[in-house]
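Next up, query06.txt (compact mmCIF, C-alpha atoms):
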# COMPACT_ATOMS: atom_id res chain seq x y z
CA MET A 1238 45.12 11.35 19.29
CA GLN A 1239 45.94 15.04 19.79
CA GLN A 1240 46.33 15.43 16.03
CA ILE A 1241 42.72 14.33 15.50
CA LYS A 1242 41.47 16.70 18.19
CA ASP A 1243 43.27 19.54 16.45
CA VAL A 1244 41.56 18.60 13.17
CA MET A 1245 38.15 18.97 14.80
CA LYS A 1246 39.01 22.36 16.24
CA LYS A 1247 40.52 23.78 13.06
CA SER A 1248 38.07 22.35 10.51
CA GLU A 1249 35.82 24.92 8.89
CA GLY A 1250 32.12 24.43 8.18
CA GLY A 1251 29.50 22.19 9.74
CA VAL A 1252 29.42 18.63 10.95
CA ALA A 1253 29.76 17.12 7.47
CA GLN A 1254 33.03 18.96 6.80
CA LYS A 1255 34.36 18.17 10.25
CA LYS A 1256 33.39 14.53 9.78
CA GLU A 1257 35.29 14.30 6.50
CA SER A 1258 38.42 15.82 8.03
CA LEU A 1259 38.26 13.50 11.03
CA VAL A 1260 37.52 10.36 9.02
CA SER A 1261 40.44 11.13 6.71
CA ASN A 1262 42.78 11.44 9.68
CA LEU A 1263 41.35 8.36 11.35
CA LYS A 1264 42.02 6.32 8.23
CA THR A 1265 45.60 7.60 8.16
CA GLN A 1266 46.13 6.78 11.81
CA GLU A 1267 44.53 3.35 11.44
CA ASN A 1268 46.91 2.57 8.58
CA ASN A 1269 49.82 3.71 10.71
CA GLN A 1270 48.42 1.78 13.71
CA GLU A 1271 48.67 4.88 15.89
CA ILE A 1272 45.14 4.62 17.27
CA ASP A 1273 43.24 1.61 18.56
CA SER A 1274 39.92 1.00 16.86
CA GLY A 1275 38.10 0.82 20.21
CA SER A 1276 38.76 4.52 20.86
CA ALA A 1277 38.00 5.76 17.36
CA LEU A 1278 34.20 5.85 17.57
CA GLN A 1279 34.19 7.70 20.88
CA LEU A 1280 36.76 10.14 19.54
CA PHE A 1281 34.70 10.69 16.40
CA LEU A 1282 31.51 11.54 18.31
CA ASP A 1283 33.17 13.26 21.25
CA ASN A 1284 34.74 15.90 19.00
CA ILE A 1285 31.65 16.98 17.10
CA LEU A 1286 29.95 19.75 19.03
CA ILE A 1287 26.17 19.91 18.83
CA SER A 1288 26.50 23.61 18.06
CA SER A 1289 28.28 22.72 14.79
CA ILE A 1290 25.17 20.98 13.43
CA PRO A 1291 23.54 23.29 10.87
CA GLY A 1292 19.84 23.85 11.38
CA ILE A 1293 19.94 22.58 14.97
CA LYS A 1294 17.96 25.57 16.24
CA ASN A 1295 14.34 24.67 15.57
CA SER A 1296 12.53 27.72 16.83
CA PRO A 1297 9.92 28.13 18.11
CA VAL A 1298 9.38 24.86 19.99
CA LEU A 1299 5.80 24.02 21.00
CA GLU A 1300 5.36 23.47 24.74
CA LEU A 1301 2.54 21.80 26.68
CA LYS A 1302 1.70 22.53 30.30
CA THR A 1303 0.67 20.01 32.92
CA GLY A 1304 -2.60 21.94 33.26
CA ASP A 1305 -3.47 21.74 29.55
CA SER A 1306 -6.35 19.43 28.67
CA VAL A 1307 -6.08 16.44 26.35
CA ARG A 1308 -8.59 18.12 24.07
CA ASP A 1309 -6.57 21.33 23.80
CA ALA A 1310 -3.29 19.44 23.37
CA ILE A 1311 -4.63 17.39 20.45
CA HIS A 1312 -6.06 20.47 18.76
CA LEU A 1313 -2.89 22.52 19.30
CA MET A 1314 -0.40 19.86 18.17
CA HIS A 1315 -2.50 19.10 15.08
CA GLU A 1316 -2.80 22.80 14.24
CA LYS A 1317 0.94 23.41 14.68
CA ASN A 1318 1.90 20.18 12.83
CA VAL A 1319 3.94 18.89 15.79
CA SER A 1320 4.30 15.22 16.72
CA GLY A 1321 5.84 15.73 20.15
CA ALA A 1322 6.25 18.45 22.77
CA PRO A 1323 8.07 19.05 26.07
CA ILE A 1324 5.96 19.44 29.21
CA THR A 1325 6.29 22.34 31.63
CA ASP A 1326 4.90 22.43 35.15
CA ASN A 1327 2.64 25.47 35.46
CA THR A 1328 1.81 24.80 39.11
CA LYS A 1329 5.25 25.10 40.69
CA GLY A 1330 8.50 26.83 39.90
CA SER A 1331 10.78 24.70 42.06
CA PHE A 1332 12.73 23.03 39.27
CA SER A 1333 15.86 24.58 37.83
CA ASP A 1334 14.83 23.31 34.40
CA PRO A 1335 11.42 24.45 33.12
CA TYR A 1336 10.72 21.12 31.40
CA ILE A 1337 9.77 17.97 33.30
CA GLY A 1338 8.86 15.51 30.55
CA PHE A 1339 8.08 14.92 26.90
CA ILE A 1340 4.93 13.52 25.29
CA ASP A 1341 4.04 12.57 21.74
CA PHE A 1342 0.83 13.28 19.85
CA ALA A 1343 0.09 9.64 18.97
CA SER A 1344 0.25 8.48 22.60
CA ILE A 1345 -2.32 11.10 23.60
CA VAL A 1346 -4.70 10.11 20.78
CA LEU A 1347 -4.29 6.37 21.44
CA TRP A 1348 -4.94 6.95 25.15
CA PHE A 1349 -8.09 8.90 24.27
CA PHE A 1350 -9.39 6.11 21.99
CA GLU A 1351 -8.65 3.53 24.68
CA GLU A 1352 -10.45 5.53 27.37
CA CYS A 1353 -13.49 5.99 25.13
CA GLU A 1354 -13.65 2.27 24.46
CA ASN A 1355 -13.25 1.46 28.15
CA ARG A 1356 -16.08 3.86 28.95
CA ARG A 1357 -18.28 2.23 26.32
CA ARG A 1358 -17.67 -1.24 27.75
CA ASP A 1359 -18.31 -0.08 31.31
CA THR A 1360 -21.47 1.91 30.63
CA GLY A 1361 -22.89 0.31 27.48
CA ALA A 1362 -22.80 3.73 25.77
CA GLU A 1363 -22.74 4.21 22.01
CA GLU A 1364 -19.86 2.60 20.20
CA ILE A 1365 -16.56 4.35 19.68
CA GLY A 1366 -16.06 5.59 16.16
CA ASN A 1367 -19.51 7.00 15.39
CA TYR A 1368 -17.86 10.41 15.16
CA GLY A 1369 -14.63 11.91 13.90
CA VAL A 1370 -11.88 12.35 16.48
CA PHE A 1371 -12.56 16.05 17.01
CA ASP A 1372 -16.28 15.32 17.39
CA MET A 1373 -15.47 12.55 19.85
CA LEU A 1374 -13.49 15.03 21.96
CA GLU A 1375 -16.62 17.14 22.25
CA HIS A 1376 -18.92 14.16 22.91
CA HIS A 1377 -16.64 12.85 25.68
CA PRO A 1378 -15.71 16.03 27.61
CA HIS A 1379 -15.00 14.08 30.82
CA ILE A 1380 -12.16 12.36 28.94
CA GLY A 1381 -11.13 15.29 26.74
CA GLN A 1382 -10.75 17.57 29.77
CA THR A 1383 -8.21 15.24 31.41
CA LYS A 1384 -5.06 17.20 32.19
CA ILE A 1385 -1.73 16.39 30.54
CA GLY A 1386 -0.24 16.12 34.04
CA GLU A 1387 -2.64 13.29 34.86
CA LEU A 1388 -1.33 11.23 31.94
CA ALA A 1389 1.80 10.56 33.97
CA LYS A 1390 -0.33 7.97 35.80
CA SER A 1391 -0.64 6.05 32.53
CA PHE A 1392 3.14 6.31 31.95
CA LEU A 1393 2.62 8.34 28.78
CA TRP A 1394 5.32 10.83 29.65
CA ASN A 1395 8.80 10.24 28.28
CA SER A 1396 11.90 11.20 30.20
CA TYR A 1397 13.38 14.62 29.55
CA PHE A 1398 17.16 14.37 29.22
CA PRO A 1399 18.50 17.49 27.49
CA VAL A 1400 21.95 18.25 26.13
CA HIS A 1401 23.63 21.63 25.79
CA LEU A 1402 24.85 23.22 22.59
CA ASP A 1403 28.46 22.99 23.78
CA GLU A 1404 28.23 19.23 24.44
CA THR A 1405 29.06 16.57 21.87
CA LEU A 1406 27.37 13.87 19.85
CA PHE A 1407 28.97 11.24 22.08
CA HIS A 1408 26.72 12.48 24.88
CA VAL A 1409 23.72 12.21 22.53
CA LEU A 1410 24.60 8.60 21.68
CA LEU A 1411 24.73 7.75 25.38
CA LEU A 1412 21.25 9.14 25.96
CA LEU A 1413 19.63 7.56 22.91
CA SER A 1414 21.05 4.13 23.64
CA LYS A 1415 20.44 4.03 27.38
CA HIS A 1416 17.07 5.73 27.81
CA ARG A 1417 14.88 4.64 24.89
CA LEU A 1418 14.50 8.23 23.74
CA GLN A 1419 13.17 9.01 20.29
CA VAL A 1420 14.72 12.47 20.34
CA VAL A 1421 17.18 14.34 22.54
CA PRO A 1422 16.26 17.95 23.42
CA VAL A 1423 18.92 20.61 22.87
CA ILE A 1424 18.98 23.57 25.29
CA GLU A 1425 21.01 26.71 25.84
CA ARG A 1426 23.23 26.39 28.90
CA THR A 1427 22.57 29.82 30.39
CA SER A 1428 18.80 30.00 30.02
CA SER A 1429 17.82 26.29 29.68
CA LYS A 1430 15.74 27.42 26.71
CA LEU A 1431 14.78 24.52 24.45
CA ILE A 1432 15.89 25.28 20.90
CA GLY A 1433 15.68 21.98 19.02
CA PHE A 1434 15.97 18.20 18.94
CA ILE A 1435 18.36 15.53 17.68
CA SER A 1436 16.73 12.35 16.39
CA GLN A 1437 17.80 8.72 16.41
CA HIS A 1438 17.72 8.82 12.63
CA GLY A 1439 20.22 11.65 12.55
CA VAL A 1440 22.68 9.72 14.73
CA LEU A 1441 22.27 6.69 12.46
CA LEU A 1442 23.24 8.83 9.46
CA LEU A 1443 26.34 10.07 11.24
CA LEU A 1444 27.38 6.54 12.18
CA LEU A 1445 27.07 5.51 8.54
CA GLN A 1446 29.56 8.23 7.60
CA SER A 1447 32.19 6.04 9.26
CA SER A 1448 31.71 3.19 6.78
CA GLY A 1449 35.09 1.98 5.60
CA LEU A 1450 36.84 2.43 8.94
CA ASP A 1451 37.92 -0.75 10.72
CA TRP A 1452 36.34 0.20 14.05
CA PHE A 1453 32.97 0.66 12.37
CA ASP A 1454 33.08 -2.13 9.82
CA SER A 1455 34.17 -4.72 12.40
CA ILE A 1456 30.70 -4.40 13.88
CA ALA A 1457 28.55 -3.26 10.98
CA ASP A 1458 29.69 -5.91 8.48
CA LYS A 1459 28.44 -8.79 10.63
CA PRO A 1460 25.21 -10.51 9.50
CA LEU A 1461 22.06 -9.71 11.44
CA SER A 1462 21.87 -13.36 12.50
CA GLU A 1463 24.82 -12.72 14.85
CA PHE A 1464 23.01 -10.02 16.80
CA ARG A 1465 20.23 -10.17 19.34
CA PHE A 1466 17.48 -7.58 19.04
CA GLY A 1467 14.60 -6.76 21.36
CA ASN A 1468 11.83 -7.82 18.93
CA GLU A 1469 13.62 -10.42 16.85
CA GLU A 1470 11.54 -13.43 17.91
CA HIS A 1471 8.07 -11.94 18.11
CA VAL A 1472 6.30 -9.49 15.82
CA VAL A 1473 3.14 -7.74 16.93
CA HIS A 1474 0.78 -7.77 13.96
CA VAL A 1475 -2.78 -7.29 12.80
CA TYR A 1476 -4.50 -8.74 9.75
CA GLY A 1477 -5.52 -6.55 6.87
CA ASP A 1478 -9.18 -7.51 7.27
CA GLN A 1479 -9.34 -6.48 10.95
CA SER A 1480 -10.94 -3.18 11.92
CA MET A 1481 -8.94 -0.07 12.73
CA ALA A 1482 -10.52 -0.06 16.18
CA GLU A 1483 -8.87 -3.44 16.83
CA ALA A 1484 -5.58 -2.25 15.32
CA LEU A 1485 -5.46 0.85 17.53
CA HIS A 1486 -5.98 -1.32 20.60
CA VAL A 1487 -3.13 -3.63 19.53
CA LEU A 1488 -0.86 -0.64 18.85
CA TRP A 1489 -1.69 0.78 22.28
CA LYS A 1490 -1.04 -2.52 24.10
CA SER A 1491 2.15 -3.34 22.21
CA GLN A 1492 3.97 -0.17 23.33
CA ASN A 1493 5.91 -0.41 20.07
CA GLY A 1494 6.16 2.33 17.52
CA ALA A 1495 4.60 0.12 14.85
CA VAL A 1496 2.74 -3.11 14.19
CA ALA A 1497 2.98 -5.26 11.08
CA VAL A 1498 0.00 -5.70 8.78
CA THR A 1499 -0.20 -9.21 7.36
CA ASP A 1500 -2.45 -10.95 4.88
CA ARG A 1501 -4.57 -13.51 6.70
CA LYS A 1502 -4.26 -16.20 4.01
CA SER A 1503 -0.62 -15.91 2.93
CA LYS A 1504 0.74 -14.49 6.24
CA ARG A 1505 2.90 -12.16 4.14
CA VAL A 1506 3.69 -8.66 5.33
CA ILE A 1507 1.65 -6.17 3.32
CA GLY A 1508 2.18 -3.01 5.35
CA SER A 1509 2.51 -1.44 8.76
CA ILE A 1510 0.64 0.89 11.08
CA ARG A 1511 2.89 3.33 12.92
CA LYS A 1512 2.22 5.78 15.71
CA CYS A 1513 3.22 8.55 13.31
CA ASP A 1514 0.26 7.60 11.06
CA ILE A 1515 -2.38 8.22 13.75
CA TYR A 1516 -2.89 11.82 12.69
CA LEU A 1517 -4.56 10.54 9.49
CA LEU A 1518 -7.50 9.49 11.64
CA LEU A 1519 -8.11 13.15 12.43
CA GLU A 1520 -8.12 14.20 8.79
CA ASN A 1521 -9.60 11.29 6.85
CA LEU A 1522 -11.64 9.33 9.39
CA PRO A 1523 -14.90 7.93 7.99
CA CYS A 1524 -17.98 7.83 10.17
CA ASN A 1525 -16.99 4.62 11.99
CA ILE A 1526 -13.50 3.22 12.57
CA LYS A 1527 -15.02 -0.17 13.35
CA SER A 1528 -16.13 -0.39 9.72
CA LEU A 1529 -12.75 0.78 8.40
CA THR A 1530 -10.39 -2.14 7.76
CA VAL A 1531 -6.67 -1.99 8.36
CA GLU A 1532 -5.95 -2.62 4.69
CA GLU A 1533 -8.19 0.30 3.72
CA PHE A 1534 -6.41 2.53 6.21
CA ILE A 1535 -2.88 1.81 4.98
CA HIS A 1536 -3.93 3.03 1.52
CA MET A 1537 -5.41 6.26 2.87
CA GLU A 1538 -2.32 8.44 2.54
CA ASN A 1539 -3.14 11.37 0.29
CA ASP A 1540 -1.00 12.75 -2.51
CA HIS A 1541 -0.28 15.91 -0.53
CA HIS A 1542 1.18 13.75 2.25
CA LYS A 1543 3.73 12.27 -0.14
CA THR A 1544 4.79 15.27 -2.15
CA GLY A 1545 8.41 14.46 -1.35
CA SER A 1546 11.01 15.59 1.15
CA ASP A 1547 12.46 19.05 1.21
CA PRO A 1548 15.58 18.76 -1.00
CA THR A 1549 17.44 21.34 1.11
CA ILE A 1550 16.97 19.11 4.15
CA GLU A 1551 17.90 15.97 2.21
CA ARG A 1552 21.25 17.49 1.24
CA ASP A 1553 22.26 18.43 4.76
CA ILE A 1554 23.00 15.81 7.38
CA GLY A 1555 22.85 18.34 10.20
CA ALA A 1556 19.43 19.67 9.28
CA LEU A 1557 18.06 16.15 9.03
CA LEU A 1558 19.19 15.56 12.62
CA SER A 1559 16.97 18.36 13.82
CA ALA A 1560 14.23 18.92 11.24
CA GLY A 1561 11.39 16.91 9.78
CA PHE A 1562 11.10 14.10 12.29
CA LEU A 1563 9.00 16.06 14.78
CA ARG A 1564 6.53 17.10 12.13
CA LEU A 1565 3.12 15.51 12.50
CA LYS A 1566 2.70 15.28 8.74
CA ASN A 1567 6.02 13.63 8.08
CA ASN A 1568 7.15 13.77 4.46
CA PHE A 1569 10.11 11.53 5.26
CA ALA A 1570 8.35 8.35 6.38
CA PRO A 1571 7.73 5.57 3.83
CA ARG A 1572 4.17 4.72 2.83
CA MET A 1573 2.23 2.44 5.15
CA ASP A 1574 1.64 -0.05 2.32
CA SER A 1575 5.38 -0.24 1.51
CA PRO A 1576 6.95 -1.79 4.61
CA VAL A 1577 10.73 -1.69 5.04
CA THR A 1578 12.19 -5.19 5.37
CA ASN A 1579 15.52 -6.98 5.79
CA LYS A 1580 16.67 -10.59 5.96
CA LYS A 1581 18.89 -12.07 8.68
CA THR A 1582 21.50 -12.94 6.06
CA GLU A 1583 22.05 -9.23 5.41
CA THR A 1584 24.60 -7.27 7.42
CA LEU A 1585 23.92 -4.71 10.11
CA LYS A 1586 25.33 -2.07 7.78
CA GLN A 1587 22.91 -3.06 5.02
CA ALA A 1588 19.99 -2.77 7.43
CA MET A 1589 21.25 0.61 8.64
CA ARG A 1590 21.53 1.88 5.07
CA ASN A 1591 18.08 0.53 4.25
CA MET A 1592 16.52 2.41 7.15
CA ALA A 1593 18.52 5.54 6.36
CA ASP A 1594 17.60 5.50 2.66
CA THR A 1595 13.90 4.92 3.33
CA LYS A 1596 13.80 7.36 6.29
CA SER A 1597 12.17 4.58 8.32
CA SER A 1598 12.35 4.17 12.10
CA PHE A 1599 12.14 0.37 11.89
CA SER A 1600 12.53 -2.60 9.59
CA PHE A 1601 10.78 -5.97 9.69
CA LEU A 1602 12.95 -9.07 9.58
CA VAL A 1603 11.40 -11.40 7.01
CA ASP A 1604 12.10 -14.88 5.70
CA GLU A 1605 12.17 -15.98 2.06
CA SER A 1606 8.36 -16.09 1.97
CA ASN A 1607 8.12 -12.50 3.27
CA HIS A 1608 6.75 -13.67 6.61
CA ALA A 1609 7.70 -11.30 9.45
CA THR A 1610 9.96 -12.96 12.02
CA GLY A 1611 11.13 -9.90 13.94
CA MET A 1612 11.47 -6.13 13.97
CA LEU A 1613 14.55 -3.90 14.10
CA THR A 1614 14.37 -0.36 15.45
CA LEU A 1615 16.79 2.55 15.17
CA ARG A 1616 17.74 2.00 18.80
CA ASP A 1617 18.59 -1.63 18.01
CA MET A 1618 21.16 -0.29 15.55
CA ILE A 1619 22.54 2.48 17.74
CA ILE A 1620 23.14 0.45 20.93
CA HIS A 1621 25.75 -1.70 19.18
CA PHE A 1622 27.97 1.37 18.90
CA ALA A 1623 27.29 2.72 22.39
CA PRO A 1624 29.77 2.60 25.29
CA PRO A 1625 29.08 0.10 28.11
CA CYS A 1626 28.16 2.65 30.79
CA ILE A 1627 26.37 5.96 30.99
CA ASP A 1628 27.90 9.24 32.13
CA SER A 1629 26.96 9.88 35.76
CA SER A 1630 26.62 13.60 35.02
CA ILE A 1631 23.35 13.03 33.14
CA HIS A 1632 20.35 14.09 35.15
CA GLY A 1633 16.62 13.73 34.59
CA CYS A 1634 15.92 17.30 35.72
CA GLY A 1635 12.52 17.49 37.42
CA PHE A 1636 11.01 14.59 35.49
CA PHE A 1637 11.11 11.91 38.16
CA GLU A 1638 9.97 14.14 41.03
CA SER A 1639 7.13 15.62 38.99
CA ALA A 1640 6.02 12.25 37.58
CA LEU A 1641 5.80 10.83 41.12
CA GLU A 1642 3.91 13.90 42.27
CA GLN A 1643 1.39 13.53 39.44
CA THR A 1644 0.76 9.93 40.52
CA GLY A 1645 0.23 10.92 44.16
CA CYS A 1646 3.62 9.84 45.49
CA HIS A 1647 6.86 11.34 46.76
CA VAL A 1648 10.31 10.11 47.77
CA LYS A 1649 11.31 10.13 51.42
CA ASN A 1650 14.64 8.73 52.70
CA GLY A 1651 15.09 6.81 49.45
CA THR A 1652 11.63 5.21 49.61
CA ILE A 1653 8.61 5.95 47.40
CA ILE A 1654 5.71 7.01 49.65
CA SER A 1655 2.08 7.15 48.53
CA ASP A 1656 0.23 10.33 49.48
CA ASN A 1657 -3.15 8.55 49.39
Would it be possible to restate this file's structure as structure tokens?
Amino acid sequence: MQQIKDVMKKSEGGVAQKKESLVSNLKTQENNQEIDSGSALQLFLDNILISSIPGIKNSPVLELKTGDSVRDAIHLMHEKNVSGAPITDNTKGSFSDPYIGFIDFASIVLWFFEECENRRRDTGAEEIGNYGVFDMLEHHPHIGQTKIGELAKSFLWNSYFPVHLDETLFHVLLLLSKHRLQVVPVIERTSSKLIGFISQHGVLLLLLQSSGLDWFDSIADKPLSEFRFGNEEHVVHVYGDQSMAEALHVLWKSQNGAVAVTDRKSKRVIGSIRKCDIYLLLENLPCNIKSLTVEEFIHMENDHHKTGSDPTIERDIGALLSAGFLRLKNNFAPRMDSPVTNKKTETLKQAMRNMADTKSSFSFLVDESNHATGMLTLRDMIIHFAPPCIDSSIHGCGFFESALEQTGCHVKNGTIISDN
């Protein structure tokens, strides 16, 4: 065990080089039966410092304030090509950490569409979709001027659980598996300055580097039919001939990152609509989303959107952990009309490789007729390699207190009290 720790300390280079040195020694120790397979994964992740990941410092990081309006947030995130941003509280300075939550671009836009539609139903006003999204923000100022802090009432904030540069990837795995986080923020210990993010996809790639080791293969080589996944028995879907207005409502209600698009006659999967595709509505929206069909939308991706991934990022595991996946215009994601699929007869490792190769955040489980029977997410993959309990040293910073405050509540003697 100490020998492997020494390898991690002495190895030169980034995470890829350290991984190769560690895996080589793990294989040797496994052959000599000097290390139990149950400890190997934790040892592997717990000896790779986050600071050793090349490209981990994504600077500058866009921040949103609780006092920013929905209108300004949508404009700013679209202009800066950012799909998610941490939230700072600009009303109080009582928290040791400046960040109190995280919110993604798609959730803000979906909330805005939903509020506009609710307003139309309640007042009988003109139908949603007669304008482009930016025009709609101007035509509905009472909705567009809603503060980001108020969106906590709609549970649109995500928890903010940061890690420090001198912590390890084992800590990242704990957070991703236990808290349904899409990304883990990375901060400097002395200043709490946010410098970058680690994605679920990056952790998946690192796990796959352990292919060939007994402790990894004993889990990953099992067929998918032996696992239970959160969405394996029910797939949220829309038909290709439905309107985009209907599809956005389904995506909002499902709380999933994607919905399947199926052909009404054959019931076959023909595509998907993901939260990361919502930005296309801001750039290519016709005059009425109620006249735009789902099938038309999934073919809307322009050539400039699919010019290919940056080859320098493709070659570097570390950079892929921290770059690309928080871009609004994501060159990594597969086309909407080319859904990623797997069958239950395939192994967990095959599904992991499929999602890694396609840079997808999910895969539909399909039968022999290409009918969707379930959906796998990156988290579904990661949790099977996570430890059974979470480190008690992990804190949510000011997230919980601020979220309660935004909803008009506070905690007193262990009880949630309403201020109204």
Pairwise distance for CA of His1376 (chain A) and CA of Ser1480 (chain A), rounded to one decimal in Å: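 So the two atoms, CA of His1376 (chain A) and CA of Ser1480 (chain A), lie 22.0 Å apart.
Between Ile1287 (chain A) and the candidates A:Ala1322, A:Ile1385, A:Glu1375, A:Val1409, the tightest atom-to-atom separation, counting all atoms listed in the file, involves A:Val1409.
With CA of Leu1443 (chain A) on one side and CA of Thr1582 (chain A) on the other, the separation reads 24.1 Å.
You will find CA of Glu1463 (chain A) at 11.9 Å from CA of His1621 (chain A).
Shell of Met1589 (chain A) at 8 Å, with only C-alpha atoms counted and residues fewer than 5 places along the chain excluded, is Leu1441, Leu1445 and Met1618 of chain A.
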Near-region 1492-1504 of chain A list (7 Å; all atoms listed in the file; drop same-chain fewer than 6 positions) as a list of chain:residue names: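 Selected residues are A:Val1473, A:His1474, A:Val1475, A:Tyr1476, A:Gly1477, A:Ile1510, A:Arg1511, A:Lys1512, A:His1608.
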Within-8 Å shell of (23.4, 12.4, 14.9) in input frame, all atoms listed in the file, as number ranges by chain: A: 1406, 1409-1410, 1435-1444, 1555, 1558
Expected residue set, 10 Å radius at (-2.0, 19.9, 15.1), only C-alpha atoms, as a PyMOL selection string: chain A and resi 1309-1320+1342+1516+1519+1564-1566
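The closest residue to Asp1514 (chain A), picked from A:Arg1616, A:Asp1454, A:Leu1347, A:Thr1530 and counting only C-alpha atoms, is A:Leu1347.
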Selected residue of minimal separation from Ile1293 (chain A) among A:Ile1424, A:Ile1619, A:Leu1461, A:Ala1482, counting all atoms listed in the file: A:Ile1424
Nearest to Pro1571 (chain A) by atom-to-atom distance, counting all atoms listed in the file, from A:Ala1609, A:Leu1585, A:Ala1593, A:Leu1374: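 For Pro1571 (chain A), the nearest of the candidates is A:Ala1593.
Of the residues under consideration (A:Gln1419, A:Asn1355, A:Ser1288, A:Ala1484), A:Ser1288 shows the shortest atom-to-atom contact distance to Val1400 (chain A) when counting all atoms listed in the file.
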